[in-house]
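*Asks:* Input: one structure, supplied below.
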Amino acid sequence: MTYTLFIILLPLISFLVLGIAGKWFSHKTAGWIGTLALAGVTVLSYYAAYEYFFVIGRDAVTGAFERQVPINFCWLPFFDQGLHFDMGILLDPISVMMLIVISTVSFMVHIYSFGYMKGEKGFQRYYAFLSLFTMSMLGLVVATNIFQMYLFWELVGVSSYLLIGFYYTSPAAIAASKKAFIVTRFADLFFLIGILIYGFYTGSFAFVFDTPEGLASYAQAGFILPLALTLMFIGGAGKSAMFPLHIWLPDAMEGPTPVSALIHAATMVVAGVFQVARLFPLWVTYAQDWMPIIIWVGVFTAFYAAAVACAQSDIKRVLAFSTISQIAFMMVALGVCTELQTGHEHVGSVGYMASMFHLFTHAMFKACLFLGAGCIIHAVHSNEMNAMGGLRKYLPLTHITFLVSCLAISGIPFFSGFSSKDEIITACMAYSPAVGYIMTGIAAMTAFYMFRLYYGIFWGTENKELHAAHHPHETKVMTWPLIILSIITVGVGAYTTLAGFGMFDGYSFGSLISADGQDYRIHFDTSVALTSTIVAICAIGLATWIFKGERQPIADKLYATFPRLHRWAYKRFYMDEVYQFVTHKIIFACVSKPIAWFDRHVVDGFFNFLAWGTNATSNGIKTLQSGRVQQYALVYLVGTILLIAMLLIF
Amino acid sequence: MNTESIVFLVLAFFVALFSVLSVTTKRIIRAATYLLFVLFGTAGLYFLLGYTFLGAVQIMVYAGGIVVLYIFAIMLTGKTGDAKQHTLTVGKRAAALVAALVGAGLLMFVIITHQFVSQQLGADITNESAAPISQIGSSLLNAGEEGNLLPFEAVSVLLLACIIGGLIIARKR
Amino acid sequence: MNITIDYFLILSAVMLGAGMYGFFTRRNTLAILISIELILNAADINFAAFNRLCQTGIEGYVFTLFSIAISAAETAIAIAVMINIYRMLKNNYVDELDTLKW
């Protein structure tokens, strides 16, 4: 399967071609180069998935999908034996699934961007960066070891930075790109430390070590391995926007909307989840006591983001917070997974599968939502909800796909979100009913704020003046990706729902991807499924009741009754201000300023003094070299006199 | 106190006085004139020593040739004397004066403290060192033990070089 | 009072001192040359006096001759240079002749 190398090479070539020679291409040519490269990647990814799951299939002995390493070479060896950085391609169920997710969403975004970015300055640059991002993300998921993962992890961060700051003339975009880069870099520092600790104590950067001695010694290593894993989790939390490192994601919406769909909804932000999943065998085996960290960070983030999303007015911000909340669901699902064994009686391992399943479905419907939001923004030229309203007449296709995705994210049966979210809640229930009910509640909040968004955009009062000026319309090239993504959402949802209720012998997502690679048949727990569906429908009903009408008396009344709560939620509970305070007032003022002063005055001062001293000495000496013969002669005479005097005296 | 002594003292006073005047006067043409007097005085000293040929050369070459050259040069270069903006500061002048005085003083100290084995000027002067002109001539053109042909030729080549050099440097371009 | 070599030497020391003073203080290049002539002349006197009063032989005598010849040559070249400088700078003050310094 060495052809999988081209999955990474194709976008790299496209990036290099567009990045170096892009300015000589027309917009159309540049777009086609990027899109064709991605089409190639998509075909290869699907073929690789087909080959991996159905041609190579399960191992005859273990009955699981085995890891395939088509390419692996020692890239940077340290010492003679021992630590070495490898580069290669690792195929296992989750990386193959990620290949499909990334290539599909990226392909859709490439097509979509034809319409969305039409006529933008820097169109070629945009496609070059998209290719760079896709290459890095693909490299990240197929990494054979933590170090390669980290390498591509940073590349992903860079391309995210470049794409958020794509409109580099806008100060907000620049600030957002810097914020995203700095916050994720800060988190990545912990990731790096974790990697170093891990490499130092285990002598390897591999994801698993299966030598018996290794197992024995690291089981006794006490807190070292859990510590390394937790540090790596902080890195993942930064990338996946977990509280309190989430602050960059809402601002990252300053980038072009297709970029938000690709990077900040479907692929890059789930890198943290993917990382935890990748290291999951280690977590479960050596660090189970530390896993509540993942759970509670996830639970709190899910709640916080959902609460904030209820009050935002910028549609991309709502989607951003909903993304944070949904990623937190995935994190929680990983955290509540307590064993690797799968099978009908082992509910403890459902979380892993549920998390990956939700990652998959979420990528599809959230990309659809973002692309739909892009269509809406393209149509009304504003991000604010009050500029919208009543758009269902103008954007019928967008309306339908958006509704489908909203239903999916709310967890309505026969839509993909239902199956995955239901599995997550089942896993939570198995871990602890408390977590399960909290997550059910947050799922209800999700349904509520998504439908608040939906009604705010497509129903409600129409902003007539604005619409008369712009005449909102849809573009064909932009609606195709929406249709494809919503078909996937509905198709996967319907199939898995029916499978989960026992119509197809349960052969669905869990059969391909599960904690230990064994065949896991998804089967819904009826009580959980029923509860969450009813709760979701209630929440949708509530949203309909409050927000559907032309006027919204109940909403206004609620704002009036709880002005402070609304204000706090709208201001994201002042997290950005807290950061501002901590960084500026405490770190900058108390730490950075004195250090800067020391640098300016003591370190620089010393060298300035040296320079000044040299200069002054030179100036002093320069007057001796006056070019005046008489002065020279005088000095010469004085010297002679002194010499003679010395001769006379001694 | 013989005649030679009186003549020497008069000449020495004359020479010393005009030396000092020559470097202290403001006007350069006067400086050249005082130099001429110094050179005449020096020629007188040579005569006093009995070196008549040397004295004659001194008057011909120095007084007759060089000083005339100076005076022509001074006239050619227009303004005589130091212009206002080129006057020295008092400090520099004092430094130069101190340096010159200390230098001369040091030399005098050495001269006075050193015991020279010297004849006296006057009656007891020996005739051998009076150097008749024939002896000078044969010495200059003699390549032998006592001869000075090599320096003579060297000086003649030098003079030739100076003639050519002077022409080339001073010619109009 | 007997005139020995000391008197000549002191006289030449006075001339030398005057010449040095002039060399340091003059600004006009021709005046500096005049000072140099004084210094050379002091040396000539020493040659002649030593030759006459302290030894037999004629080396000092001959070297005084050479010295006069050389100072004549030197003066000729120096004055040629001065005139050339004057043509270029329209003056010959030594404190303005610092172009070669740079």
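Residue numbering restarts at 1 for every chain of the structure tokens, chains are lettered A, B, ... in their displayed order, and ligands are numbered from 1 as they appear.
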Near chain B, which residues of chain A fall within 12 Å when you count only C-alpha atoms, and what do they look like as number ranges by chain?

*Replies:* A: 630-649

*Asks:* With N, CA and C atoms retained, write the just-selected residues as a compact mmCIF listing (two decimals), in the first residue's frame.

*Replies:*
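Listed below is the output, selection12.txt:
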# COMPACT_ATOMS: atom_id res chain seq x y z
N GLN A 630 53.21 68.92 11.55
CA GLN A 630 53.83 69.60 12.68
C GLN A 630 53.51 68.92 14.00
N GLN A 631 52.23 68.48 14.07
CA GLN A 631 51.85 67.78 15.30
C GLN A 631 52.66 66.50 15.45
N TYR A 632 52.80 65.77 14.33
CA TYR A 632 53.59 64.54 14.38
C TYR A 632 55.01 64.84 14.85
N ALA A 633 55.56 65.92 14.28
CA ALA A 633 56.94 66.25 14.62
C ALA A 633 57.07 66.60 16.09
N LEU A 634 56.06 67.31 16.59
CA LEU A 634 56.09 67.69 18.00
C LEU A 634 56.09 66.44 18.87
N VAL A 635 55.18 65.53 18.53
CA VAL A 635 55.11 64.30 19.31
C VAL A 635 56.43 63.54 19.23
N TYR A 636 56.96 63.54 18.02
CA TYR A 636 58.24 62.86 17.80
C TYR A 636 59.33 63.49 18.66
N LEU A 637 59.33 64.81 18.68
CA LEU A 637 60.36 65.51 19.47
C LEU A 637 60.19 65.19 20.95
N VAL A 638 58.94 65.24 21.41
CA VAL A 638 58.69 64.95 22.83
C VAL A 638 59.19 63.55 23.15
N GLY A 639 58.91 62.61 22.25
CA GLY A 639 59.39 61.25 22.47
C GLY A 639 60.91 61.20 22.54
N THR A 640 61.53 61.90 21.64
CA THR A 640 63.00 61.91 21.63
C THR A 640 63.54 62.49 22.93
N ILE A 641 62.92 63.59 23.34
CA ILE A 641 63.38 64.23 24.58
C ILE A 641 63.25 63.25 25.74
N LEU A 642 62.12 62.58 25.79
CA LEU A 642 61.90 61.62 26.88
C LEU A 642 62.95 60.52 26.83
N LEU A 643 63.22 60.04 25.61
CA LEU A 643 64.23 58.98 25.48
C LEU A 643 65.59 59.45 25.97
N ILE A 644 65.95 60.65 25.52
CA ILE A 644 67.25 61.17 25.94
C ILE A 644 67.29 61.34 27.45
N ALA A 645 66.18 61.89 27.98
CA ALA A 645 66.11 62.08 29.43
C ALA A 645 66.28 60.75 30.15
N MET A 646 65.62 59.74 29.62
CA MET A 646 65.74 58.41 30.24
C MET A 646 67.18 57.92 30.19
N LEU A 647 67.81 58.12 29.03
CA LEU A 647 69.20 57.67 28.89
C LEU A 647 70.09 58.39 29.89
N LEU A 648 69.81 59.69 30.07
CA LEU A 648 70.64 60.47 30.99
C LEU A 648 70.42 60.02 32.43
N ILE A 649 69.17 59.75 32.74
CA ILE A 649 68.87 59.44 34.14
C ILE A 649 69.37 58.05 34.51

*Asks:* Fewer than 6 positions away in the same chain doesn't count, so skip those; otherwise give me all residues within 12 Å of Met330 (chain A), counting only C-alpha atoms, as a count of residues only.

*Replies:* 46

*Asks:* Please measure the separation of CA of Leu397 (chain A) and CA of Val380 (chain A), giving the value in Å to one decimal.

*Replies:*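 Calculated distance between CA of Leu397 (chain A) and CA of Val380 (chain A) is 15.6 Å.
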
*Asks:* If you run DSSP over the backbone, which residues in region 191-424 of chain A end up helix (DSSP H, G or I)? Put them as a PyMOL selection string.

*Replies:* chain A and resi 191-202+212-219+224-239+248-254+257-266+268-278+280-286+288-309+315-335+347-380+385-387+391-393+396-410+416-424

*Asks:* Mind checking which residues fall within 9 Å of region 11-24 of chain C, counting only C-alpha atoms, ignoring those fewer than 4 positions away in the same chain, and posting them as number ranges by chain?

*Replies:* A: 629-631, 633-634, 637; B: 12-13, 15-16, 19-24, 92-93, 96-105, 107-108; C: 6-7, 31-46

*Asks:* Quick one: residues within 10 Å of region 503-519 of chain A, only C-alpha atoms counted, chain neighbours fewer than 5 positions away excluded, as an NGL selection string?

*Replies:* :A and (53-54 or 57-59 or 62-67 or 92-94 or 96-97 or 277 or 280-281 or 337 or 339-344 or 349-357 or 360 or 419-420 or 492 or 495-498 or 524)

*Asks:* Write the selection just made, keeping N, CA and C atoms, as a short mmCIF file (atom, residue, chain, number, x, y, z; two decimals), in the first residue's frame?

*Replies:*
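This went into selection-v7.cif:
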data_model
loop_
_atom_site.label_atom_id
_atom_site.label_comp_id
_atom_site.auth_asym_id
_atom_site.auth_seq_id
_atom_site.Cartn_x
_atom_site.Cartn_y
_atom_site.Cartn_z
N PHE A 53 -10.01 -2.08 4.88
CA PHE A 53 -11.09 -2.74 5.61
C PHE A 53 -11.57 -4.03 4.94
N PHE A 54 -11.54 -4.04 3.61
CA PHE A 54 -12.22 -5.15 2.95
C PHE A 54 -11.30 -6.09 2.19
N GLY A 57 -8.47 -6.65 5.46
CA GLY A 57 -9.46 -7.15 6.41
C GLY A 57 -8.89 -7.53 7.76
N ARG A 58 -9.62 -8.43 8.41
CA ARG A 58 -9.24 -8.79 9.78
C ARG A 58 -8.13 -9.81 9.78
N ASP A 59 -7.35 -9.75 10.81
CA ASP A 59 -6.31 -10.74 10.99
C ASP A 59 -6.97 -12.08 11.30
N THR A 62 -6.22 -12.95 15.36
CA THR A 62 -6.79 -12.12 16.42
C THR A 62 -8.20 -11.66 16.11
N GLY A 63 -8.56 -11.67 14.84
CA GLY A 63 -9.88 -11.22 14.47
C GLY A 63 -10.03 -9.72 14.54
N ALA A 64 -8.91 -8.99 14.54
CA ALA A 64 -8.97 -7.53 14.61
C ALA A 64 -8.32 -6.95 13.38
N PHE A 65 -8.58 -5.65 13.17
CA PHE A 65 -7.86 -4.95 12.10
C PHE A 65 -6.47 -4.63 12.62
N GLU A 66 -5.46 -5.16 11.92
CA GLU A 66 -4.09 -4.94 12.39
C GLU A 66 -3.55 -3.63 11.83
N ARG A 67 -2.54 -3.11 12.53
CA ARG A 67 -1.87 -1.91 12.01
C ARG A 67 -1.10 -2.27 10.75
N ASP A 92 -4.36 2.39 10.49
CA ASP A 92 -5.17 1.56 11.36
C ASP A 92 -6.58 2.12 11.26
N PRO A 93 -7.56 1.52 11.88
CA PRO A 93 -8.93 1.98 11.64
C PRO A 93 -9.11 3.48 11.79
N ILE A 94 -8.57 4.07 12.88
CA ILE A 94 -8.88 5.50 13.06
C ILE A 94 -8.14 6.37 12.05
N VAL A 96 -7.35 5.57 9.00
CA VAL A 96 -8.05 5.42 7.72
C VAL A 96 -9.34 6.21 7.73
N MET A 97 -10.06 6.17 8.87
CA MET A 97 -11.28 6.96 8.97
C MET A 97 -10.98 8.44 8.83
N ALA A 277 -7.11 9.69 21.24
CA ALA A 277 -7.53 8.37 20.77
C ALA A 277 -6.32 7.54 20.36
N PHE A 280 -4.67 6.24 23.20
CA PHE A 280 -5.64 5.69 24.13
C PHE A 280 -5.20 4.40 24.82
N PRO A 281 -4.58 3.48 24.08
CA PRO A 281 -4.11 2.26 24.77
C PRO A 281 -3.22 2.58 25.95
N CYS A 337 -14.24 5.98 28.65
CA CYS A 337 -13.95 4.64 28.15
C CYS A 337 -12.92 4.00 29.07
N GLU A 339 -12.02 0.51 29.25
CA GLU A 339 -11.32 -0.72 28.90
C GLU A 339 -11.22 -0.84 27.39
N LEU A 340 -10.33 -1.70 26.97
CA LEU A 340 -10.11 -1.84 25.54
C LEU A 340 -10.94 -2.97 24.95
N GLN A 341 -11.30 -3.92 25.81
CA GLN A 341 -12.05 -5.07 25.32
C GLN A 341 -13.40 -4.64 24.77
N THR A 342 -13.72 -5.07 23.59
CA THR A 342 -15.07 -4.78 23.10
C THR A 342 -15.86 -6.07 23.05
N GLY A 343 -17.12 -5.90 22.77
CA GLY A 343 -17.98 -7.07 22.75
C GLY A 343 -19.30 -6.63 23.34
N HIS A 344 -20.27 -7.43 23.24
CA HIS A 344 -21.61 -6.98 23.61
C HIS A 344 -21.74 -6.66 25.08
N SER A 349 -16.06 -0.03 26.88
CA SER A 349 -15.21 0.36 25.76
C SER A 349 -16.00 1.10 24.68
N VAL A 350 -17.27 1.36 24.93
CA VAL A 350 -18.07 2.00 23.88
C VAL A 350 -17.57 3.40 23.59
N GLY A 351 -17.09 4.09 24.63
CA GLY A 351 -16.71 5.49 24.50
C GLY A 351 -15.75 5.75 23.35
N TYR A 352 -14.77 4.89 23.20
CA TYR A 352 -13.77 5.08 22.14
C TYR A 352 -14.44 5.09 20.78
N MET A 353 -15.23 4.07 20.56
CA MET A 353 -15.94 3.97 19.28
C MET A 353 -16.86 5.17 19.12
N ALA A 354 -17.58 5.51 20.20
CA ALA A 354 -18.54 6.61 20.11
C ALA A 354 -17.83 7.92 19.77
N SER A 355 -16.67 8.10 20.40
CA SER A 355 -15.94 9.34 20.14
C SER A 355 -15.54 9.43 18.68
N MET A 356 -14.99 8.35 18.14
CA MET A 356 -14.56 8.37 16.74
C MET A 356 -15.77 8.51 15.81
N PHE A 357 -16.84 7.86 16.19
CA PHE A 357 -18.06 7.94 15.38
C PHE A 357 -18.57 9.38 15.36
N PHE A 360 -16.52 11.57 13.19
CA PHE A 360 -16.87 11.38 11.78
C PHE A 360 -18.15 12.13 11.42
N SER A 419 -27.05 8.85 16.11
CA SER A 419 -26.39 7.58 16.41
C SER A 419 -25.14 7.80 17.24
N SER A 420 -24.32 8.79 16.81
CA SER A 420 -23.05 8.96 17.52
C SER A 420 -23.26 9.55 18.90
N VAL A 492 -25.78 8.18 6.35
CA VAL A 492 -25.12 7.54 7.48
C VAL A 492 -26.09 7.45 8.65
N TYR A 495 -28.85 4.82 8.01
CA TYR A 495 -28.32 3.46 8.05
C TYR A 495 -27.96 3.06 9.47
N THR A 496 -27.22 3.94 10.17
CA THR A 496 -26.77 3.56 11.51
C THR A 496 -27.94 3.50 12.48
N THR A 497 -28.93 4.35 12.27
CA THR A 497 -30.08 4.30 13.18
C THR A 497 -30.79 2.95 13.03
N LEU A 498 -31.03 2.61 11.76
CA LEU A 498 -31.70 1.33 11.52
C LEU A 498 -30.85 0.18 12.03
N PHE A 524 -28.60 0.25 20.16
CA PHE A 524 -29.00 1.33 21.05
C PHE A 524 -29.66 0.78 22.30
#

*Asks:* Go through B:Ala143, B:Val10, B:Ile164, B:Ile66 and flag the residue nearest chain C, using only C-alpha atoms for the distances.

*Replies:* B:Ile66

*Asks:* Residues near Asn92 (chain C), anyone? I mean within 10 Å using only C-alpha atoms, not counting same-chain ones fewer than 6 positions away, as a ChimeraX atom specification.

*Replies:* /B:77-79 /C:27-30,82-86

*Asks:* Considering only C-alpha atoms, return as number ranges by chain whatever protein or nucleic-acid residues lie within 7 Å of Thr4 (chain C), sequence-local ones (same chain, fewer than 3 positions apart) excluded.

*Replies:* B: 118-121; C: 7

*Asks:* For the residues selected in the previous step, produce a file with C-alpha atoms as an mmCIF file, in the first residue's frame.

*Replies:*
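Wrote out-v6.cif, looks like this:
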data_model
loop_
_atom_site.group_PDB
_atom_site.id
_atom_site.type_symbol
_atom_site.label_atom_id
_atom_site.label_comp_id
_atom_site.auth_asym_id
_atom_site.auth_seq_id
_atom_site.Cartn_x
_atom_site.Cartn_y
_atom_site.Cartn_z
ATOM 1 C CA SER B 118 89.044 69.894 21.745
ATOM 2 C CA GLN B 119 91.588 72.300 20.373
ATOM 3 C CA GLN B 120 91.143 75.997 20.847
ATOM 4 C CA LEU B 121 90.173 78.338 18.118
ATOM 5 C CA TYR C 7 80.803 77.143 22.059
#

*Asks:* Write out as an MDAnalysis selection string each polymer residue whose atoms come within 8 Å of region 47-52 of chain C, counting only C-alpha atoms; drop sequence neighbours fewer than 4 positions from it.

*Replies:* (chainID B and resid 46 49 129:130) or (chainID C and resid 5 8 43 56:61 63:64)

*Asks:* Please write the residues from the selection above to a file, keeping C-alpha atoms, as a JSON list (two decimals), in the first residue's frame.

*Replies:*
[["chain", "number", "residue", "atom", "x", "y", "z"],
["B", 46, "TYR", "CA", 83.44, 78.77, 8.42],
["B", 49, "LEU", "CA", 87.47, 78.07, 11.27],
["B", 129, "SER", "CA", 93.21, 70.30, 9.27],
["B", 130, "ALA", "CA", 92.91, 73.61, 7.45],
["C", 5, "ILE", "CA", 84.07, 73.04, 20.49],
["C", 8, "PHE", "CA", 80.08, 75.98, 18.55],
["C", 43, "ALA", "CA", 74.12, 70.44, 11.70],
["C", 56, "THR", "CA", 92.64, 65.71, 11.78],
["C", 57, "GLY", "CA", 91.28, 64.68, 8.38],
["C", 58, "ILE", "CA", 88.60, 66.12, 6.15],
["C", 59, "GLU", "CA", 85.51, 63.89, 6.43],
["C", 60, "GLY", "CA", 83.46, 66.49, 8.28],
["C", 61, "TYR", "CA", 84.44, 69.08, 5.74],
["C", 63, "PHE", "CA", 80.15, 66.02, 4.51],
["C", 64, "THR", "CA", 79.35, 69.65, 5.09]]

*Asks:* Would you mind telling me which residue in A:Pro258, A:Gly88, A:Gly389, A:Gly460 lies nearest to Gly374 (chain A) when using only C-alpha atoms?

*Replies:*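 Closest to Gly374 (chain A), using only C-alpha atoms: A:Pro258.
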
*Asks:* Could you work out how far CA of Ile182 (chain A) lies from CA of Phe147 (chain A), giving the answer in Å with one decimal?

*Replies:* 20.5 Å

*Asks:* Rounded to one decimal in Å, what is the spacing between CA of Ala379 (chain A) and CA of Glu474 (chain A)?

*Replies:*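 Interatomic distance here is 7.1 Å.
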